[in-house]
Structures are given as C-alpha cells and as structure tokens.
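Some notes on the structure that comes next.
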Amino acid sequence: MSTPRVATVDCSTGIETVRDMTTEEIAAQEALNAEIAERQAADEAEAAAKAAAKASGDAKLKELGLTDEEIAALVG
C-alpha cells in the first residue's frame, strides 16, 4: 500500500505542495475512520431498532382490530 499524501495550497501564490502523510497523521486518520465506522454502525442499529419497534407497535394495533388507515391516523 502506498503512503497517503497531503496537498496544501498557498492561496497567496497558488503554489500547491504535495507530501507524504506522517505516521502521526496516518494514525489520526485511521482513528477518525474507525470512529466514523462505529458511528455509522450505531446509527444503522438505532434505525433498525426504531423500525422494529414501529413494526411491533403496528402489529399490536392490528391485533386490537385497527385498520391500516386508523393506525396511520394515530401514529402519523
């Protein structure tokens, strides 16, 4: 695997400088990527739990004899 690179641009001159990331920058980027993956997994788990709870609630309301239209009117 090649070393990730960083590009910086001096806005006053327009000169772009490209260099390899330092080991510290690579470690920080990897930690950030891991944190992002954890947050995405947590968000997906939360969304799945909400969907399951909604489906369960809808099923319970149907068991009570409500129609789909009545359930929609109750829960929006």
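Ligands are numbered from 1 in the order shown, chains are lettered A, B, ... in the order of the structure tokens, and residues start at 1 in each chain.
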
So that I can see what lies close to Thr22 (chain A), please list as a short mmCIF file (atom, residue, chain, number, x, y, z; two decimals) with N, CA and C atoms, in the first residue's frame the residues with an atom at most 10 Å from it, counting only C-alpha atoms and leaving out residues fewer than 3 positions away in the same chain.
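Below you can see around_5.cif, which holds the result:
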```cif
data_model
loop_
_atom_site.label_atom_id
_atom_site.label_comp_id
_atom_site.auth_asym_id
_atom_site.auth_seq_id
_atom_site.Cartn_x
_atom_site.Cartn_y
_atom_site.Cartn_z
N THR A 3 1.87 5.23 0.63
CA THR A 3 1.66 6.17 1.72
C THR A 3 0.65 7.22 1.28
N PRO A 4 -0.35 7.51 2.11
CA PRO A 4 -1.30 8.58 1.77
C PRO A 4 -0.56 9.91 1.64
N ARG A 5 -1.12 10.78 0.85
CA ARG A 5 -0.46 12.06 0.59
C ARG A 5 -1.37 13.21 1.02
N VAL A 6 -0.73 14.34 1.30
CA VAL A 6 -1.42 15.55 1.71
C VAL A 6 -1.06 16.65 0.72
N ARG A 19 2.87 16.17 -0.22
CA ARG A 19 3.86 15.42 0.57
C ARG A 19 3.20 14.17 1.14
N GLU A 25 -0.07 11.52 11.36
CA GLU A 25 -1.24 11.88 10.55
C GLU A 25 -1.99 10.64 10.08
N ILE A 26 -1.23 9.61 9.71
CA ILE A 26 -1.85 8.36 9.28
C ILE A 26 -2.62 7.73 10.44
N ALA A 27 -2.01 7.71 11.63
CA ALA A 27 -2.67 7.15 12.81
C ALA A 27 -3.94 7.93 13.14
N ALA A 28 -3.87 9.25 13.06
CA ALA A 28 -5.04 10.08 13.33
C ALA A 28 -6.13 9.82 12.31
#
```

Apply DSSP to the structure's backbone, then extract all residues of chain A labelled strand (DSSP E) and return them as a compact mmCIF listing (two decimals) with C-alpha atoms, in the first residue's frame.
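Below is the file part-v7.txt, written as the result:
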```txt
# COMPACT_ATOMS: atom_id res chain seq x y z
CA ARG A 5 -0.46 12.06 0.59
CA VAL A 6 -1.42 15.55 1.71
CA ALA A 7 -1.80 18.53 -0.61
CA THR A 8 -1.57 22.10 0.64
CA VAL A 9 -2.13 25.21 -1.43
CA ASP A 10 -0.70 28.63 -0.61
CA ILE A 15 1.59 27.07 -5.24
CA GLU A 16 0.49 23.53 -4.38
CA THR A 17 2.74 21.33 -2.26
CA VAL A 18 2.17 17.57 -2.07
CA ARG A 19 3.86 15.42 0.57
CA ASP A 20 3.53 12.04 2.26
```

Using DSSP assignments from the backbone, pull out every residue in chain A that falls under alpha helix (DSSP H) and give it to me as a ChimeraX atom specification.
/A:23-63,68-75

Pairwise distance, CA of Asp58 (chain A) with CA of Asp43 (chain A), equals 22.4 Å

So the first atom is CA of Lys54 (chain A) and the second is CA of Ala72 (chain A); what is the distance between them in Å, to one decimal place?
11.4 Å

Rounded to one decimal in Å, what is the spacing between CA of Leu61 (chain A) and CA of Leu74 (chain A)?
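Separating CA of Leu61 (chain A) from CA of Leu74 (chain A) is a distance of 10.0 Å.
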